[in-house]
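Printed here is final_16.cif (mmCIF, C-alpha atoms):
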```cif
data_input
loop_
_atom_site.group_PDB
_atom_site.id
_atom_site.type_symbol
_atom_site.label_atom_id
_atom_site.label_comp_id
_atom_site.auth_asym_id
_atom_site.auth_seq_id
_atom_site.Cartn_x
_atom_site.Cartn_y
_atom_site.Cartn_z
ATOM 1 C CA MET A 1 3.128 -18.645 -5.473
ATOM 2 C CA LYS A 2 3.942 -16.068 -8.183
ATOM 3 C CA LYS A 3 6.322 -13.453 -6.898
ATOM 4 C CA LYS A 4 8.707 -11.058 -8.549
ATOM 5 C CA ASP A 5 12.262 -12.278 -8.130
ATOM 6 C CA SER A 6 13.539 -9.103 -6.480
ATOM 7 C CA LEU A 7 17.114 -10.354 -6.287
ATOM 8 C CA ARG A 8 17.773 -11.224 -9.948
ATOM 9 C CA LEU A 9 21.506 -11.477 -10.619
ATOM 10 C CA LEU A 10 22.817 -9.803 -13.741
ATOM 11 C CA LEU A 11 25.785 -10.528 -15.995
ATOM 12 C CA VAL A 12 25.962 -7.976 -18.792
ATOM 13 C CA LEU A 13 29.137 -6.874 -20.620
ATOM 14 C CA LEU A 14 29.100 -3.270 -21.861
ATOM 15 C CA ALA A 15 31.578 -1.244 -23.936
ATOM 16 C CA ALA A 16 33.270 1.843 -22.496
ATOM 17 C CA PHE A 17 31.390 5.113 -23.053
ATOM 18 C CA SER A 18 32.463 8.578 -24.206
ATOM 19 C CA GLN A 19 32.188 11.759 -22.122
ATOM 20 C CA MET A 20 28.826 12.373 -23.808
ATOM 21 C CA ALA A 21 27.653 9.087 -22.375
ATOM 22 C CA ILE A 22 28.783 10.216 -18.914
ATOM 23 C CA ALA A 23 26.529 13.257 -19.134
ATOM 24 C CA ALA A 24 23.661 11.140 -20.407
ATOM 25 C CA THR A 25 24.073 8.730 -17.508
ATOM 26 C CA GLY A 26 23.942 11.584 -15.033
ATOM 27 C CA SER A 27 20.769 12.985 -16.555
ATOM 28 C CA ARG A 28 19.081 9.574 -16.306
ATOM 29 C CA VAL A 29 19.666 8.976 -12.594
ATOM 30 C CA GLU A 30 16.290 10.358 -11.576
ATOM 31 C CA GLU A 31 14.616 8.453 -14.430
ATOM 32 C CA LEU A 32 16.029 5.167 -13.124
ATOM 33 C CA LEU A 33 15.853 6.036 -9.411
ATOM 34 C CA PRO A 34 13.105 8.657 -8.982
ATOM 35 C CA LEU A 35 13.636 11.260 -6.284
ATOM 36 C CA PHE A 36 11.968 11.021 -2.926
ATOM 37 C CA PRO A 37 9.097 13.564 -3.002
ATOM 38 C CA GLN A 38 10.258 17.175 -2.693
ATOM 39 C CA ALA A 39 13.929 16.246 -2.340
ATOM 40 C CA ASP A 40 16.398 19.012 -3.213
ATOM 41 C CA VAL A 41 19.630 18.249 -5.095
ATOM 42 C CA VAL A 42 22.634 19.476 -3.077
ATOM 43 C CA GLY A 43 25.424 17.656 -4.930
ATOM 44 C CA ASP A 44 25.863 16.331 -8.489
ATOM 45 C CA ARG A 45 28.986 14.851 -10.112
ATOM 46 C CA ALA A 46 29.647 12.483 -13.042
ATOM 47 C CA VAL A 47 33.053 10.894 -13.768
ATOM 48 C CA ASN A 48 34.631 7.823 -15.303
ATOM 49 C CA ALA A 49 35.422 5.282 -12.553
ATOM 50 C CA PRO A 50 37.984 2.682 -13.691
ATOM 51 C CA GLU A 51 37.962 1.090 -10.220
ATOM 52 C CA TYR A 52 34.894 1.816 -8.110
ATOM 53 C CA ARG A 53 34.731 0.074 -4.727
ATOM 54 C CA LEU A 54 31.142 -0.924 -3.920
ATOM 55 C CA ALA A 55 30.782 -1.629 -0.195
ATOM 56 C CA THR A 56 28.902 -4.892 0.414
ATOM 57 C CA GLY A 57 29.547 -5.203 4.135
ATOM 58 C CA PRO A 58 29.745 -3.065 7.284
ATOM 59 C CA LEU A 59 32.679 -0.745 7.834
ATOM 60 C CA ALA A 60 35.535 -1.876 10.042
ATOM 61 C CA SER A 61 38.680 -0.177 11.372
ATOM 62 C CA LEU A 62 41.985 -1.843 10.525
ATOM 63 C CA GLY A 63 44.515 0.127 12.505
ATOM 64 C CA SER A 64 44.171 3.704 11.314
ATOM 65 C CA ALA A 65 42.396 2.657 8.106
ATOM 66 C CA VAL A 66 38.654 2.252 7.613
ATOM 67 C CA ARG A 67 37.287 -0.048 4.921
ATOM 68 C CA PRO A 68 34.266 -2.265 4.262
ATOM 69 C CA GLU A 69 34.488 -5.828 5.516
ATOM 70 C CA LYS A 70 33.390 -6.852 1.995
ATOM 71 C CA GLU A 71 33.406 -4.998 -1.306
ATOM 72 C CA GLU A 72 33.067 -5.468 -5.067
ATOM 73 C CA ARG A 73 35.363 -3.584 -7.459
ATOM 74 C CA VAL A 74 33.672 -2.514 -10.675
ATOM 75 C CA SER A 75 34.289 -0.054 -13.483
ATOM 76 C CA GLY A 76 32.068 2.218 -15.498
ATOM 77 C CA GLN A 77 30.499 5.664 -15.547
ATOM 78 C CA LEU A 78 29.858 6.941 -12.017
ATOM 79 C CA THR A 79 27.186 9.485 -11.130
ATOM 80 C CA GLN A 80 27.049 10.812 -7.556
ATOM 81 C CA LYS A 81 23.979 12.727 -6.397
ATOM 82 C CA SER A 82 23.110 14.060 -2.967
ATOM 83 C CA TYR A 83 19.709 15.224 -1.808
ATOM 84 C CA GLU A 84 18.342 17.037 1.214
ATOM 85 C CA ILE A 85 14.991 15.717 2.426
ATOM 86 C CA SER A 86 12.307 17.525 4.410
ATOM 87 C CA GLN A 87 12.926 17.019 8.138
ATOM 88 C CA VAL A 88 9.445 15.568 8.631
ATOM 89 C CA HIS A 89 10.705 12.346 6.983
ATOM 90 C CA GLU A 90 12.960 9.688 8.487
ATOM 91 C CA PRO A 91 16.014 8.143 6.751
ATOM 92 C CA ARG A 92 14.278 4.753 6.921
ATOM 93 C CA GLU A 93 11.297 6.183 5.021
ATOM 94 C CA VAL A 94 13.599 7.483 2.291
ATOM 95 C CA MET A 95 15.362 4.131 2.049
ATOM 96 C CA GLN A 96 12.020 2.339 1.763
ATOM 97 C CA HIS A 97 11.255 4.593 -1.199
ATOM 98 C CA TYR A 98 14.425 3.429 -2.946
ATOM 99 C CA LEU A 99 13.825 -0.204 -1.975
ATOM 100 C CA LYS A 100 10.438 -0.061 -3.671
ATOM 101 C CA VAL A 101 12.030 1.441 -6.801
ATOM 102 C CA LEU A 102 14.696 -1.267 -6.839
ATOM 103 C CA GLN A 103 12.099 -3.981 -6.330
ATOM 104 C CA ASP A 104 10.234 -2.703 -9.390
ATOM 105 C CA LEU A 105 13.540 -2.946 -11.298
ATOM 106 C CA ASP A 106 13.997 -6.574 -10.156
ATOM 107 C CA ALA A 107 17.227 -5.487 -8.504
ATOM 108 C CA ASN A 108 19.693 -7.750 -6.751
ATOM 109 C CA ILE A 109 20.272 -6.456 -3.204
ATOM 110 C CA LEU A 110 23.889 -7.251 -2.406
ATOM 111 C CA TYR A 111 23.934 -5.755 1.090
ATOM 112 C CA ARG A 112 21.779 -3.672 3.380
ATOM 113 C CA CYS A 113 22.256 -2.334 6.914
ATOM 114 C CA GLU A 114 20.791 0.198 9.287
ATOM 115 C CA GLY A 115 21.776 2.034 12.439
ATOM 116 C CA ARG A 116 24.942 1.016 14.251
ATOM 117 C CA GLY A 117 25.025 -2.213 12.242
ATOM 118 C CA CYS A 118 26.464 -0.160 9.360
ATOM 119 C CA GLY A 119 29.445 1.130 11.342
ATOM 120 C CA ARG A 120 30.108 4.804 12.038
ATOM 121 C CA SER A 121 28.356 7.514 10.051
ATOM 122 C CA ASN A 122 31.530 9.598 10.202
ATOM 123 C CA ASP A 123 33.341 6.888 8.226
ATOM 124 C CA TRP A 124 30.598 6.575 5.595
ATOM 125 C CA ALA A 125 30.510 10.352 5.157
ATOM 126 C CA ASN A 126 34.197 11.211 5.157
ATOM 127 C CA VAL A 127 35.975 8.003 4.077
ATOM 128 C CA ILE A 128 33.575 6.178 1.744
ATOM 129 C CA PHE A 129 31.553 8.987 0.146
ATOM 130 C CA LYS A 130 33.819 11.966 0.980
ATOM 131 C CA ARG A 131 30.825 14.194 1.702
ATOM 132 C CA SER A 132 31.136 15.752 5.164
ATOM 133 C CA TYR A 133 27.498 16.851 5.196
ATOM 134 C CA LEU A 134 26.477 13.159 5.282
ATOM 135 C CA TYR A 135 27.969 12.794 8.779
ATOM 136 C CA GLY A 136 24.990 12.138 11.011
ATOM 137 C CA LEU A 137 23.702 10.059 13.900
ATOM 138 C CA ASP A 138 24.820 6.426 13.871
ATOM 139 C CA ASP A 139 21.371 5.260 14.993
ATOM 140 C CA TYR A 140 19.674 7.074 12.091
ATOM 141 C CA GLN A 141 21.552 5.814 9.049
ATOM 142 C CA GLN A 142 20.669 3.317 6.311
ATOM 143 C CA TYR A 143 22.785 1.849 3.512
ATOM 144 C CA LEU A 144 22.273 -0.552 0.650
ATOM 145 C CA ALA A 145 24.216 -1.825 -2.346
ATOM 146 C CA ALA A 146 22.459 -3.375 -5.338
ATOM 147 C CA THR A 147 22.715 -4.213 -9.032
ATOM 148 C CA PHE A 148 20.015 -4.036 -11.670
ATOM 149 C CA GLN A 149 19.429 -3.959 -15.414
ATOM 150 C CA ALA A 150 17.539 -1.239 -17.268
ATOM 151 C CA ARG A 151 17.461 -0.013 -20.873
ATOM 152 C CA ASP A 152 19.877 -2.687 -22.063
ATOM 153 C CA ALA A 153 22.530 -1.626 -19.536
ATOM 154 C CA ALA A 154 23.686 -2.978 -16.173
ATOM 155 C CA TYR A 155 24.129 -0.828 -13.075
ATOM 156 C CA ALA A 156 25.570 -1.000 -9.587
ATOM 157 C CA VAL A 157 24.221 1.428 -6.990
ATOM 158 C CA ALA A 158 25.061 2.482 -3.446
ATOM 159 C CA ILE A 159 22.447 4.441 -1.470
ATOM 160 C CA TYR A 160 22.968 6.051 1.940
ATOM 161 C CA THR A 161 20.427 7.965 4.036
ATOM 162 C CA VAL A 162 21.046 9.691 7.349
ATOM 163 C CA ARG A 163 19.705 12.213 9.862
ATOM 164 C CA ARG A 164 22.231 14.725 11.203
ATOM 165 C CA ALA A 165 22.356 15.975 14.782
ATOM 166 C CA ASN A 166 20.759 19.232 13.612
ATOM 167 C CA GLN A 167 17.835 17.108 12.311
ATOM 168 C CA ARG A 168 18.586 17.699 8.610
ATOM 169 C CA VAL A 169 17.996 14.558 6.525
ATOM 170 C CA PHE A 170 20.156 13.606 3.528
ATOM 171 C CA ALA A 171 20.206 10.880 0.885
ATOM 172 C CA HIS A 172 23.239 10.077 -1.245
ATOM 173 C CA VAL A 173 23.142 7.934 -4.416
ATOM 174 C CA GLU A 174 26.156 6.585 -6.312
ATOM 175 C CA LEU A 175 25.150 4.941 -9.603
ATOM 176 C CA VAL A 176 27.662 3.122 -11.830
ATOM 177 C CA GLU A 177 26.723 2.216 -15.386
ATOM 178 C CA LEU A 178 28.902 -0.847 -15.738
ATOM 179 C CA SER A 179 31.508 -1.402 -18.405
ATOM 180 C CA ASP A 180 32.221 -4.931 -17.210
ATOM 181 C CA ALA A 181 30.498 -7.741 -15.369
ATOM 182 C CA GLN A 182 32.391 -7.772 -12.104
ATOM 183 C CA VAL A 183 29.515 -7.019 -9.873
ATOM 184 C CA ALA A 184 28.006 -9.693 -7.859
ATOM 185 C CA LEU A 185 29.017 -11.012 -10.381
ATOM 186 C CA GLN A 186 30.845 -14.073 -10.342
ATOM 187 C CA ALA A 187 28.447 -16.056 -12.473
ATOM 188 C CA GLN A 188 26.306 -16.754 -9.496
ATOM 189 C CA LYS A 189 23.198 -18.933 -9.181
ATOM 190 C CA ARG A 190 20.026 -18.306 -7.227
ATOM 191 C CA ASP A 191 17.336 -20.302 -5.432
ATOM 192 C CA PHE A 192 14.004 -18.793 -4.387
ATOM 193 C CA ILE A 193 11.594 -20.250 -1.808
ATOM 194 C CA ALA A 194 8.437 -18.581 -0.417
ATOM 195 C CA ILE A 195 7.134 -19.303 3.100
ATOM 196 C CA ASP A 196 3.803 -18.122 4.504
ATOM 197 C CA GLU A 197 3.640 -16.910 8.091
ATOM 198 C CA ALA A 198 1.421 -19.870 8.983
ATOM 199 C CA GLU A 199 4.185 -22.258 7.923
ATOM 200 C CA LEU A 200 6.501 -20.761 10.523
ATOM 201 C CA GLU A 201 4.154 -22.084 13.200
ATOM 202 C CA ARG A 202 4.503 -25.671 11.941
ATOM 203 C CA PRO A 203 8.149 -26.695 12.405
ATOM 204 C CA GLY A 204 7.549 -30.232 11.152
ATOM 205 C CA ALA A 205 6.034 -29.093 7.872
ATOM 206 C CA LEU A 206 8.687 -26.401 7.552
ATOM 207 C CA ASN A 207 11.470 -28.951 7.986
ATOM 208 C CA ASN A 208 9.910 -31.101 5.267
ATOM 209 C CA LYS A 209 9.572 -28.166 2.902
ATOM 210 C CA LEU A 210 13.139 -26.956 3.423
ATOM 211 C CA GLY A 211 14.841 -30.316 3.968
ATOM 212 C CA ALA A 212 16.600 -30.555 0.607
ATOM 213 C CA TRP A 213 17.576 -26.879 0.639
ATOM 214 C CA LEU A 214 18.948 -27.089 4.200
ATOM 215 C CA SER A 215 21.031 -30.131 3.300
ATOM 216 C CA LYS A 216 22.490 -28.338 0.291
ATOM 217 C CA VAL A 217 23.446 -25.248 2.283
ATOM 218 C CA ARG A 218 24.888 -27.234 5.195
ATOM 219 C CA ALA A 219 27.024 -29.283 2.790
ATOM 220 C CA LYS A 220 29.020 -26.227 1.647
ATOM 221 C CA PRO A 221 28.125 -23.392 4.026
ATOM 222 C CA SER A 222 30.933 -21.056 2.948
ATOM 223 C CA ASP A 223 29.665 -21.099 -0.656
ATOM 224 C CA PHE A 224 26.296 -19.555 0.175
ATOM 225 C CA GLN A 225 24.853 -16.189 1.106
ATOM 226 C CA ILE A 226 21.203 -16.190 2.149
ATOM 227 C CA PHE A 227 18.856 -13.200 1.843
ATOM 228 C CA ILE A 228 15.583 -13.306 3.794
ATOM 229 C CA ALA A 229 13.031 -10.809 2.434
ATOM 230 C CA SER A 230 10.023 -10.357 4.731
ATOM 231 C CA TYR A 231 6.618 -8.879 3.888
ATOM 232 C CA SER A 232 3.532 -7.914 5.886
ATOM 233 C CA HIS A 233 0.393 -6.109 4.708
ATOM 234 C CA SER A 234 -2.484 -6.494 7.173
ATOM 235 C CA SER A 235 -5.329 -3.966 7.192
ATOM 236 C CA LYS A 236 -5.429 -4.345 10.989
ATOM 237 C CA ARG A 237 -1.967 -2.787 11.321
ATOM 238 C CA THR A 238 -0.469 0.570 10.407
ATOM 239 C CA ASP A 239 2.417 0.687 7.935
ATOM 240 C CA ILE A 240 4.889 0.966 10.803
ATOM 241 C CA GLU A 241 3.266 -1.969 12.621
ATOM 242 C CA ASN A 242 3.364 -4.025 9.419
ATOM 243 C CA TYR A 243 7.037 -3.160 8.957
ATOM 244 C CA GLU A 244 7.836 -4.198 12.541
ATOM 245 C CA HIS A 245 5.803 -7.392 12.109
ATOM 246 C CA ALA A 246 7.773 -8.249 8.979
ATOM 247 C CA ALA A 247 11.023 -7.542 10.838
ATOM 248 C CA ASP A 248 9.920 -9.897 13.626
ATOM 249 C CA LEU A 249 9.128 -12.645 11.094
ATOM 250 C CA ALA A 250 12.579 -12.263 9.588
ATOM 251 C CA ARG A 251 14.285 -12.414 12.993
ATOM 252 C CA ARG A 252 12.277 -15.496 13.990
ATOM 253 C CA PHE A 253 13.212 -17.227 10.773
ATOM 254 C CA ARG A 254 16.876 -16.363 11.265
ATOM 255 C CA VAL A 255 16.702 -18.063 14.686
ATOM 256 C CA TYR A 256 15.135 -21.115 13.035
ATOM 257 C CA LEU A 257 17.925 -21.266 10.464
ATOM 258 C CA THR A 258 20.679 -21.033 13.063
ATOM 259 C CA GLN A 259 18.976 -23.861 14.962
ATOM 260 C CA GLN A 260 19.283 -25.864 11.749
ATOM 261 C CA ALA A 261 23.080 -25.311 11.763
ATOM 262 C CA ILE A 262 23.052 -22.540 9.151
ATOM 263 C CA LEU A 263 25.840 -20.015 9.748
ATOM 264 C CA SER A 264 24.381 -16.764 11.085
ATOM 265 C CA GLY A 265 27.060 -14.765 9.252
ATOM 266 C CA SER A 266 25.721 -15.960 5.906
ATOM 267 C CA ILE A 267 22.191 -14.645 6.573
ATOM 268 C CA ARG A 268 21.060 -11.159 5.557
ATOM 269 C CA LEU A 269 17.620 -9.774 6.447
ATOM 270 C CA ILE A 270 15.767 -7.479 4.044
ATOM 271 C CA VAL A 271 12.589 -6.089 5.599
ATOM 272 C CA ILE A 272 10.077 -4.918 2.982
ATOM 273 C CA GLY A 273 7.019 -4.840 5.251
ATOM 274 C CA PRO A 274 3.992 -3.330 3.486
ATOM 275 C CA PHE A 275 6.094 -1.491 0.874
ATOM 276 C CA ALA A 276 5.362 -3.762 -2.091
ATOM 277 C CA ASP A 277 2.697 -4.008 -4.773
ATOM 278 C CA GLU A 278 -0.694 -5.091 -3.424
ATOM 279 C CA GLU A 279 -0.766 -7.975 -5.891
ATOM 280 C CA ASP A 280 2.227 -9.434 -4.057
ATOM 281 C CA PHE A 281 -0.034 -10.017 -1.053
ATOM 282 C CA ALA A 282 -2.811 -11.772 -2.974
ATOM 283 C CA GLU A 283 -2.034 -15.151 -1.432
ATOM 284 C CA SER A 284 -0.728 -14.196 2.000
ATOM 285 C CA ALA A 285 -0.779 -11.067 4.159
ATOM 286 C CA SER A 286 2.581 -11.998 5.696
ATOM 287 C CA TYR A 287 5.328 -14.130 4.191
ATOM 288 C CA LEU A 288 9.046 -14.605 3.682
ATOM 289 C CA GLU A 289 11.179 -15.169 0.605
ATOM 290 C CA ILE A 290 14.469 -17.059 0.799
ATOM 291 C CA HIS A 291 16.963 -16.035 -1.885
ATOM 292 C CA THR A 292 20.163 -18.070 -1.993
ATOM 293 C CA VAL A 293 23.211 -16.764 -3.817
ATOM 294 C CA VAL A 294 25.840 -19.329 -4.775
ATOM 295 C CA ALA A 295 29.235 -18.437 -6.192
ATOM 296 C CA GLY A 296 30.580 -20.478 -9.020
ATOM 297 C CA PRO A 297 29.630 -21.657 -12.526
#
```
Would you write the structure of this file as structure tokens?
Amino acid sequence: MKKKDSLRLLLVLLAAFSQMAIAATGSRVEELLPLFPQADVVGDRAVNAPEYRLATGPLASLGSAVRPEKEERVSGQLTQKSYEISQVHEPREVMQHYLKVLQDLDANILYRCEGRGCGRSNDWANVIFKRSYLYGLDDYQQYLAATFQARDAAYAVAIYTVRRANQRVFAHVELVELSDAQVALQAQKRDFIAIDEAELERPGALNNKLGAWLSKVRAKPSDFQIFIASYSHSSKRTDIENYEHAADLARRFRVYLTQQAILSGSIRLIVIGPFADEEDFAESASYLEIHTVVAGP
């Protein structure tokens, strides 16, 4: 099965840039990450970031302090842009727009969450991003962190979308053009396995297909992080129904993995649903991709 490897890991060393390069980076944000239709820019800032903290886990309170459970520290030229979106759109819809863009860039999704699984919106708005207008409803927030390569440069990006109590919808993008290779970034390796929906109904065949991979992961469970990307594109379903179907496939497969003694904390679900190129569905209307990230040389 020929699929784009949407979680390609990147190791690119770049030299430090001048202030002119900072401005150029800022002007290219929309070229790399096109705006959601009819989005209005409400905030724009470009600075040098010698130590940027990219959140790769949910937020947690440690006493009076709030910080991500996991993070990567990187350096480079940081561009921060905030957008207000028409209220007829949902934060999830805006995030799906960016997911599609990142998929086309063969991005490596380091972390993604939604709703209360991300932590408190107040903390994302006021502690992480320091933008009070991003404080919205915990149930209507989305976040992702990713890395990608474009135009002979490497980037790390954090994207947050949210609906406020007054129904206003915002998206916030923080893009770092890297000056080092610290992101994700520990010379990691990747495995990629595709599974059709029909294979999920045949546990025996599934065990045979995944036997070697399961043994490898169980041997050193703490060394692995597993990303399950799920897709569904049936003409008998609406886009929302396809998205929910893909989410159900991912949840079912996570249950299967935990039954095979795979640590649930090492599994991350990435629901793509119907938001992928049609050619990706040439062989199956519904399928999963297993992407395994392994730290080490």
Within 8 Å of region 93-104 of chain A: each region 156-185 of chain A residue with its shortest pair, all atoms listed in the file, as a tab-separated table:
```
residue	atom	partner	partner_atom	distance
A:Ile159	CA	A:Met95	CA	7.9
A:Tyr160	CA	A:Met95	CA	7.8
A:Thr161	CA	A:Met95	CA	6.7
A:Ala171	CA	A:Val94	CA	7.6
```
Within 7 Å of Val47 (chain A), counting only C-alpha atoms, which residues qualify if same-chain residues fewer than 2 places away don't, as a list in words?
-> Ile22, Arg45, Ala49, Gln77, Leu78 and Thr79 of chain A
Those same residues - C-alpha atoms - I'd like them written as a PDB file, in the coordinates of the input.
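What follows is the written file out.pdb:
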```pdb
ATOM      1  CA  ILE A  22      28.783  10.216 -18.914  1.00  0.00           C
ATOM      2  CA  ARG A  45      28.986  14.851 -10.112  1.00  0.00           C
ATOM      3  CA  ALA A  49      35.422   5.282 -12.553  1.00  0.00           C
ATOM      4  CA  GLN A  77      30.499   5.664 -15.547  1.00  0.00           C
ATOM      5  CA  LEU A  78      29.858   6.941 -12.017  1.00  0.00           C
ATOM      6  CA  THR A  79      27.186   9.485 -11.130  1.00  0.00           C
TER       7      THR A  79
END
```
Distance criterion (all atoms listed in the file): nearest to Phe170 (chain A) out of A:Arg202, A:Lys70, A:Arg120, A:Lys81 | A:Lys81
Picked residues, the PyMOL selection byres ((chain A and resi 112) around 6), as a VMD selection string = chain A and resid 111 113 143 to 144
Run through the PyMOL selection byres ((chain A and resi 281) around 12) on the given coordinates and return the selected residues as a list in words.
-> Met1, Lys2, Lys3, Lys4, Asp196, Ser230, Tyr231, Ser232, His233, Ser234, Ser235, Gly273, Pro274, Phe275, Ala276, Asp277, Glu278, Glu279, Asp280, Ala282, Glu283, Ser284, Ala285, Ser286, Tyr287 and Leu288 of chain A
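Coordinates place CA of Asn122 (chain A) at a distance of 14.8 Å from CA of Asn166 (chain A).
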Length of the CA of Cys118 (chain A) to CA of Gly57 (chain A) vector [Å] =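 Taking CA of Cys118 (chain A) as the start and CA of Gly57 (chain A) as the end point, the length is 7.9 Å.
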To one decimal in Å, tell me the separation between CA of Ile85 (chain A) and CA of Tyr155 (chain A).
-> 24.4 Å
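Near Asp139 (chain A), within a cut-off of 12 Å and counting only C-alpha atoms, sit the residues Glu90, Pro91, Arg92, Cys113, Glu114, Gly115, Arg116, Gly117, Cys118, Gly119, Arg120, Ser121, Thr161, Val162, Arg163, Arg164 and Ala165 of chain A, with same-chain residues fewer than 6 positions away left out.
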The residue from A:Ala205, A:Ala65, A:Val42, A:Ala219 with the smallest atom-to-atom distance to Arg131 (chain A), counting all atoms listed in the file, is A:Val42
Which of these, A:Tyr52, A:Phe129, A:Phe253, A:Tyr83, has the shortest distance to Glu71 (chain A) once you count only C-alpha atoms?
-> A:Tyr52
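Closest approach to Ala250 (chain A) from the set A:Ile267, A:Leu210, A:Val41, A:Ala107 is made by A:Ile267, with distances taken over only C-alpha atoms.
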